[in-house]
Every structure is written in structure tokens, then in C-alpha cells.
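Colleague: Sharing structure-v4.tsv below, TSV, C-alpha atoms:
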```
chain	number	residue	atom	x	y	z
T	51	MET	CA	0.00	0.00	0.00
T	52	PRO	CA	1.39	3.46	-0.90
T	53	LYS	CA	2.56	5.41	2.09
T	54	THR	CA	-0.04	8.20	1.69
T	55	LYS	CA	-2.90	5.69	1.54
T	56	ALA	CA	-1.56	3.88	4.58
T	57	LEU	CA	-1.50	7.12	6.56
T	58	ALA	CA	-5.04	7.98	5.49
T	59	ALA	CA	-6.27	4.54	6.46
T	60	ALA	CA	-4.55	4.74	9.81
T	61	SER	CA	-6.08	8.13	10.42
T	62	SER	CA	-9.60	7.01	9.57
T	63	THR	CA	-9.41	3.91	11.74
T	64	ASP	CA	-7.48	5.43	14.65
T	65	LYS	CA	-8.80	3.86	17.83
T	66	SER	CA	-6.19	5.22	20.19
T	67	PRO	CA	-7.22	5.51	23.88
T	68	ALA	CA	-6.85	9.31	23.79
T	69	ARG	CA	-9.27	9.63	20.87
T	70	LYS	CA	-11.78	7.22	22.41
T	71	ARG	CA	-11.78	8.83	25.85
T	72	ALA	CA	-12.01	12.50	24.85
T	73	LYS	CA	-15.79	12.88	24.48
T	74	PRO	CA	-16.84	10.49	27.26
T	75	ALA	CA	-14.56	12.37	29.69
T	76	VAL	CA	-16.41	15.62	28.96
T	77	ARG	CA	-19.77	13.92	29.40
T	78	SER	CA	-18.57	12.29	32.60
T	79	ALA	CA	-17.49	15.60	34.15
T	80	SER	CA	-20.84	17.12	33.21
T	81	ALA	CA	-22.70	14.17	34.68
T	82	VAL	CA	-20.74	14.37	37.92
T	83	SER	CA	-21.42	18.10	38.21
T	84	ARG	CA	-25.12	17.57	37.56
T	85	ARG	CA	-25.26	14.76	40.12
T	86	LEU	CA	-23.55	16.91	42.76
T	87	ARG	CA	-26.06	19.72	42.14
T	88	GLN	CA	-28.94	17.26	42.48
T	89	ILE	CA	-27.53	15.97	45.77
T	90	GLU	CA	-27.08	19.48	47.16
T	91	ASP	CA	-30.56	20.55	46.00
T	92	LYS	CA	-32.13	17.49	47.64
T	93	ARG	CA	-30.17	18.03	50.84
T	94	SER	CA	-31.19	21.72	50.93
T	95	ALA	CA	-34.85	20.80	50.36
T	96	ILE	CA	-34.74	18.36	53.28
T	97	LEU	CA	-33.04	20.88	55.58
T	98	GLY	CA	-35.54	23.58	54.62
T	99	ALA	CA	-38.50	21.31	55.28
T	100	ALA	CA	-37.01	20.20	58.59
T	101	LEU	CA	-36.39	23.79	59.67
T	102	GLY	CA	-40.02	24.74	59.10
T	103	LEU	CA	-41.28	21.80	61.14
T	104	PHE	CA	-38.67	21.85	63.92
T	105	SER	CA	-39.19	25.58	64.50
T	106	ARG	CA	-42.94	24.99	65.03
T	107	PHE	CA	-43.07	21.63	66.77
T	108	GLY	CA	-39.57	21.07	68.12
T	109	LEU	CA	-37.46	17.93	67.80
T	110	HIS	CA	-39.83	15.61	69.64
T	111	GLY	CA	-42.97	16.97	68.01
T	112	THR	CA	-41.66	16.36	64.49
T	113	SER	CA	-41.35	13.01	62.74
T	114	ILE	CA	-39.09	11.89	59.90
T	115	ASP	CA	-42.23	11.04	57.92
T	116	GLN	CA	-43.47	14.64	58.23
T	117	VAL	CA	-40.15	16.03	57.04
T	118	ALA	CA	-40.01	13.60	54.11
T	119	ALA	CA	-43.55	14.51	53.04
T	120	ARG	CA	-42.83	18.24	53.26
T	121	ALA	CA	-39.58	17.87	51.31
T	122	ASP	CA	-41.35	15.67	48.73
T	123	VAL	CA	-38.91	12.78	49.15
T	124	SER	CA	-39.32	9.21	50.34
T	125	LYS	CA	-38.40	8.36	53.92
T	126	SER	CA	-35.65	6.01	52.69
T	127	ASN	CA	-34.26	8.79	50.50
T	128	LEU	CA	-34.19	11.18	53.45
T	129	LEU	CA	-32.38	8.58	55.57
T	130	TYR	CA	-29.78	8.26	52.80
T	131	TYR	CA	-28.76	11.87	53.54
T	132	PHE	CA	-29.29	11.89	57.32
T	133	ALA	CA	-29.02	8.75	59.46
T	134	ASN	CA	-31.77	9.72	61.90
T	135	LYS	CA	-33.90	12.60	63.13
T	136	GLU	CA	-31.31	13.79	65.66
T	137	GLU	CA	-28.61	14.04	62.99
T	138	LEU	CA	-31.00	15.98	60.77
T	139	TYR	CA	-31.85	18.34	63.64
T	140	VAL	CA	-28.18	19.01	64.45
T	141	ASN	CA	-27.42	19.73	60.79
T	142	VAL	CA	-30.30	22.22	60.65
T	143	LEU	CA	-28.94	23.94	63.77
T	144	ARG	CA	-25.39	24.03	62.40
T	145	ASP	CA	-26.55	25.57	59.13
T	146	LEU	CA	-28.57	28.28	60.83
T	147	LEU	CA	-25.78	28.99	63.33
T	148	ALA	CA	-23.43	29.62	60.39
T	149	VAL	CA	-25.92	32.06	58.84
T	150	TRP	CA	-26.65	33.71	62.17
T	151	LEU	CA	-22.97	34.31	62.98
T	152	GLU	CA	-21.85	35.45	59.53
T	153	PRO	CA	-22.54	39.18	60.11
T	154	LEU	CA	-20.40	39.14	63.27
T	155	ARG	CA	-17.40	37.69	61.42
T	156	GLY	CA	-16.95	40.96	59.55
T	157	PHE	CA	-15.96	43.02	62.60
T	158	SER	CA	-12.33	44.25	62.43
T	159	ALA	CA	-10.39	46.82	64.45
T	160	GLU	CA	-9.65	48.81	61.27
T	161	GLN	CA	-13.33	49.58	60.71
T	162	ASP	CA	-15.20	52.59	61.98
T	163	PRO	CA	-17.22	51.10	64.87
T	164	SER	CA	-20.38	53.09	64.14
T	165	GLU	CA	-20.39	51.90	60.54
T	166	ALA	CA	-19.52	48.30	61.48
T	167	ILE	CA	-22.17	48.03	64.20
T	168	GLY	CA	-24.77	49.87	62.13
T	169	ASP	CA	-24.19	47.47	59.23
T	170	TYR	CA	-24.32	44.52	61.62
T	171	ILE	CA	-27.72	45.65	62.91
T	172	ARG	CA	-29.08	45.89	59.36
T	173	ARG	CA	-27.74	42.47	58.37
T	174	LYS	CA	-29.12	40.80	61.50
T	175	LEU	CA	-32.53	42.34	60.90
T	176	VAL	CA	-32.42	41.06	57.31
T	177	ILE	CA	-31.92	37.55	58.74
T	178	SER	CA	-34.80	38.11	61.17
T	179	ARG	CA	-36.96	39.19	58.23
T	180	ASP	CA	-35.93	36.52	55.74
T	181	ARG	CA	-35.32	33.55	58.08
T	182	PRO	CA	-37.56	33.97	61.13
T	183	ASP	CA	-37.97	30.18	61.42
T	184	ALA	CA	-34.21	29.84	61.91
T	185	SER	CA	-34.12	32.43	64.67
T	186	ARG	CA	-37.09	30.85	66.44
T	187	LEU	CA	-35.58	27.37	66.29
T	188	PHE	CA	-32.29	28.64	67.72
T	189	CYS	CA	-34.21	30.37	70.50
T	190	LEU	CA	-36.13	27.15	71.23
T	191	GLU	CA	-32.88	25.18	71.42
T	192	MET	CA	-31.41	27.71	73.88
T	193	ILE	CA	-34.52	27.61	76.08
T	194	GLN	CA	-34.21	23.83	76.26
T	195	GLY	CA	-30.58	24.09	77.40
T	196	ALA	CA	-29.00	23.46	73.99
T	197	PRO	CA	-28.73	19.67	74.53
T	198	LEU	CA	-27.69	18.98	70.93
T	199	LEU	CA	-25.80	22.19	70.21
T	200	ARG	CA	-23.73	22.71	73.35
T	201	ASP	CA	-20.51	21.44	71.78
T	202	GLU	CA	-20.91	23.92	68.91
T	203	LEU	CA	-21.50	26.76	71.39
T	204	ASP	CA	-18.48	25.81	73.46
T	205	ARG	CA	-16.23	25.72	70.41
T	206	GLU	CA	-17.17	27.84	67.41
T	207	LEU	CA	-19.45	30.38	69.06
T	208	ARG	CA	-17.20	31.00	72.06
T	209	THR	CA	-14.11	31.36	69.87
T	210	LEU	CA	-15.80	33.82	67.53
T	211	VAL	CA	-17.28	35.94	70.33
T	212	GLU	CA	-13.91	36.14	72.08
T	213	ARG	CA	-12.20	37.27	68.89
T	214	LYS	CA	-14.79	39.94	68.20
T	215	SER	CA	-14.77	41.04	71.86
T	216	GLU	CA	-11.10	41.89	71.35
T	217	VAL	CA	-12.09	44.08	68.40
T	218	ILE	CA	-14.65	45.94	70.55
T	219	ARG	CA	-12.07	46.39	73.32
T	220	ALA	CA	-9.64	47.83	70.76
T	221	TRP	CA	-12.30	50.34	69.68
T	222	VAL	CA	-12.86	51.35	73.30
T	223	GLU	CA	-9.13	51.67	74.01
T	224	ALA	CA	-8.69	53.79	70.89
T	225	GLY	CA	-11.41	56.15	72.11
T	226	LYS	CA	-13.72	55.24	69.25
T	227	LEU	CA	-16.40	53.78	71.54
T	228	ALA	CA	-17.60	54.72	75.00
T	229	PRO	CA	-16.56	52.19	77.68
T	230	VAL	CA	-18.75	49.13	77.20
T	231	ASP	CA	-18.35	45.46	78.06
T	232	PRO	CA	-18.08	43.58	74.74
T	233	HIS	CA	-20.14	40.59	75.87
T	234	HIS	CA	-23.04	42.74	77.03
T	235	LEU	CA	-22.96	44.72	73.79
T	236	ILE	CA	-23.09	41.52	71.72
T	237	PHE	CA	-25.87	40.08	73.89
T	238	ALA	CA	-27.88	43.30	73.48
T	239	LEU	CA	-27.41	43.29	69.69
T	240	TRP	CA	-28.60	39.69	69.47
T	241	ALA	CA	-31.60	40.34	71.70
T	242	ILE	CA	-32.85	43.47	70.00
T	243	THR	CA	-32.43	42.24	66.41
T	244	GLN	CA	-33.83	38.74	66.98
T	245	HIS	CA	-36.83	40.08	68.87
T	246	TYR	CA	-38.45	40.93	65.53
T	247	ALA	CA	-38.30	37.25	64.51
T	248	ASP	CA	-38.81	35.44	67.81
T	249	PHE	CA	-41.68	37.74	68.85
T	250	GLY	CA	-42.90	38.62	65.36
T	251	VAL	CA	-46.52	37.90	66.29
T	252	GLN	CA	-46.29	40.36	69.19
T	253	VAL	CA	-44.59	42.99	67.02
T	254	HIS	CA	-47.41	42.69	64.49
T	255	ALA	CA	-50.12	42.78	67.15
T	256	LEU	CA	-48.74	46.00	68.67
T	257	SER	CA	-47.53	47.84	65.56
T	258	GLY	CA	-49.69	46.38	62.82
T	259	HIS	CA	-46.56	45.63	60.81
T	260	THR	CA	-43.90	42.99	60.23
T	261	LEU	CA	-40.40	43.27	58.79
T	262	ASP	CA	-41.86	42.16	55.43
T	263	ASP	CA	-43.27	45.70	55.19
T	264	ALA	CA	-40.40	47.57	53.48
T	265	GLY	CA	-41.21	50.88	55.15
T	266	PHE	CA	-41.46	49.31	58.61
T	267	PHE	CA	-38.23	47.40	58.01
T	268	GLU	CA	-36.29	50.59	57.25
T	269	GLN	CA	-37.91	52.32	60.23
T	270	THR	CA	-36.83	49.42	62.44
T	271	VAL	CA	-33.24	49.50	61.17
T	272	GLU	CA	-32.95	53.26	61.69
T	273	ASN	CA	-34.43	53.18	65.19
T	274	VAL	CA	-32.40	50.22	66.40
T	275	GLN	CA	-29.22	51.78	65.01
T	276	ARG	CA	-30.03	55.07	66.75
T	277	ILE	CA	-30.86	53.41	70.09
T	278	VAL	CA	-27.67	51.34	70.11
T	279	LEU	CA	-25.21	53.81	68.63
T	280	GLN	CA	-26.31	56.75	70.76
T	281	GLY	CA	-25.66	54.61	73.79
T	282	ILE	CA	-22.12	53.53	72.86
T	283	THR	CA	-20.61	56.31	70.74
T	284	VAL	CA	-18.18	58.79	72.32
T	285	ARG	CA	-19.71	62.16	73.21
```
What would the structure in this file look like if it were written as C-alpha cells?

Modeller:
Amino acid sequence: MPKTKALAAASSTDKSPARKRAKPAVRSASAVSRRLRQIEDKRSAILGAALGLFSRFGLHGTSIDQVAARADVSKSNLLYYFANKEELYVNVLRDLLAVWLEPLRGFSAEQDPSEAIGDYIRRKLVISRDRPDASRLFCLEMIQGAPLLRDELDRELRTLVERKSEVIRAWVEAGKLAPVDPHHLIFALWAITQHYADFGVQVHALSGHTLDDAGFFEQTVENVQRIVLQGITVR
């Protein structure tokens, strides 16, 4: 066979591993990515359904069957993601604790304290508006003595609060804030911002509004910022 024809034939019948694997590899990566998204979406749906039920009925008043029905999955499928109800409950609490603490992580000594604390108040009120179930469930867990979350409180929460307390002390020492105990300031910020979620029914009964009302939300942010900042800024 002439050399040119041999080359053409070899080219047309090339079955090298590289050529055979090229397209399947692309499809495989796409399939893996799609599968991972499906897993995360299913897990998020289960956690969201569990949050809604746990925040209303607590751990003992909620069943795995109820969560599965609300998440639109089978019970066996739910138990593929979470071994039992207690594991599901702890995962819900961990997720909401991460969301709840995120605004506090931004505090740094280089910031202007009035701007940092004012922004923190707004962000915490956004969480109270958008995720009231999460705030209520956390409150319920604390009232019960945090039996399933105590380890998280003793580690992550304590560490974060101590770090941010040092930031507040630095602001005080620099004369940027009036003398204030960091722990009591943080406790007060948590209490006042979460009140609008934990006692949302009472807020609505007395004011006729909830944080879903855009005008009332802005009024709340401005008033809470004024109450807090006028108490801790240097005069």
C-alpha cells in the first residue's frame, strides 16, 4: 500500500485511547457536576422542610415522615442523607448557626465602629426578616438548654465571640467607643435584632406591621441603630 494511503487509512481507523476517551470524559465531568447539584438541591430541600417543622413543633414533636412529606422525598431517600432525626436536627442547627454568625465575622479593628455596628444591625434584621424560622428554632434550642448544640457553642461560638470582643475592646481603648463590656454589647445586639423574629406575632399585634413591610423594616433599622449607637458612641 502506498505510504499516503496507509497514513489515510490509519487516520480514519485510529482507535487510540486518547481519541476514544475525549468525548466520554467531557460527558462524565458534566454528569458528575449535575449529580452533585442534584444531591445538594435534595439536601437543601430536606433541611428547609425540617427547619419549618422543627421551628414549630420542636425535635420531639416532628417526625421523619413529616419532614419527608414536606420535602417531597421518600423516607428512605431522606435517611440516605441523614441517618436519623437527631442528625438531621443538628445539621439544621449548624446551618442556621453559620448564617446567624456570619454578620459578626466581619468586625475588624480597622473599621469605623459606628459603621460596622450599624451594618451589623441591618444584616441581622435582614436575617430576622428573611429567616424567622431559623431564629425561632435557635431560640427554642437555647430555652431547652441546647442539649444537641452545646458542643458547637463551646467551640465555634465561644471562639468567635472572644475574637470579636477583642475588636470591641480595641475600639474602646482607641477612644472610638464609649466604655462598654463587649459581651453585654453583643448580647444586646442579638436580643434586639432577633426580637423581631422570635416575637414577630407580638410585634405585628402591637404595631400592625412585620419586617416584610419595606417601610417598617427601614424604620426598624434606623431606630435600632439610633438606640444602640447613641448609647455607645463617644460624646

Colleague: Closest to T:His259 among T:Val271, T:Tyr246, T:Ile277, T:Asp201, using only C-alpha atoms?

Modeller: T:Tyr246

Colleague: Given the choices T:Val253, T:Leu210, T:Cys189, T:Leu146, which gets closest to T:Ala100 if the distance is worked out from all atoms listed in the file?

Modeller: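 Of all the options, T:Leu146 lies closest to T:Ala100.
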
Colleague: Need the axis-aligned box for stretch 124-141 of chain T with 3 Å each side, so what are the centre and edges in Å to one decimal, as JSON?

Modeller:
```
{"center_x": -33.4, "center_y": 12.9, "center_z": 58.0, "size_x": 17.9, "size_y": 19.7, "size_z": 21.3}
```

Colleague: Considering only C-alpha atoms, return as a ChimeraX atom specification whatever protein or nucleic-acid residues lie within 8 Å of T:Thr283, sequence-local ones (same chain, fewer than 5 positions apart) excluded.

Modeller: /T:164,226-228

Colleague: From the options T:Leu203, T:Ile171, T:Leu279, T:Leu101, which residue's atoms come nearest to T:Ala241, counting all atoms listed in the file?

Modeller: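 For T:Ala241, the nearest of the given residues is T:Ile171.
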
Colleague: Please report the interatomic distance between atom CA of T:Asp248 and atom CA of T:Arg155 in Å with one decimal.

Modeller: 22.5 Å
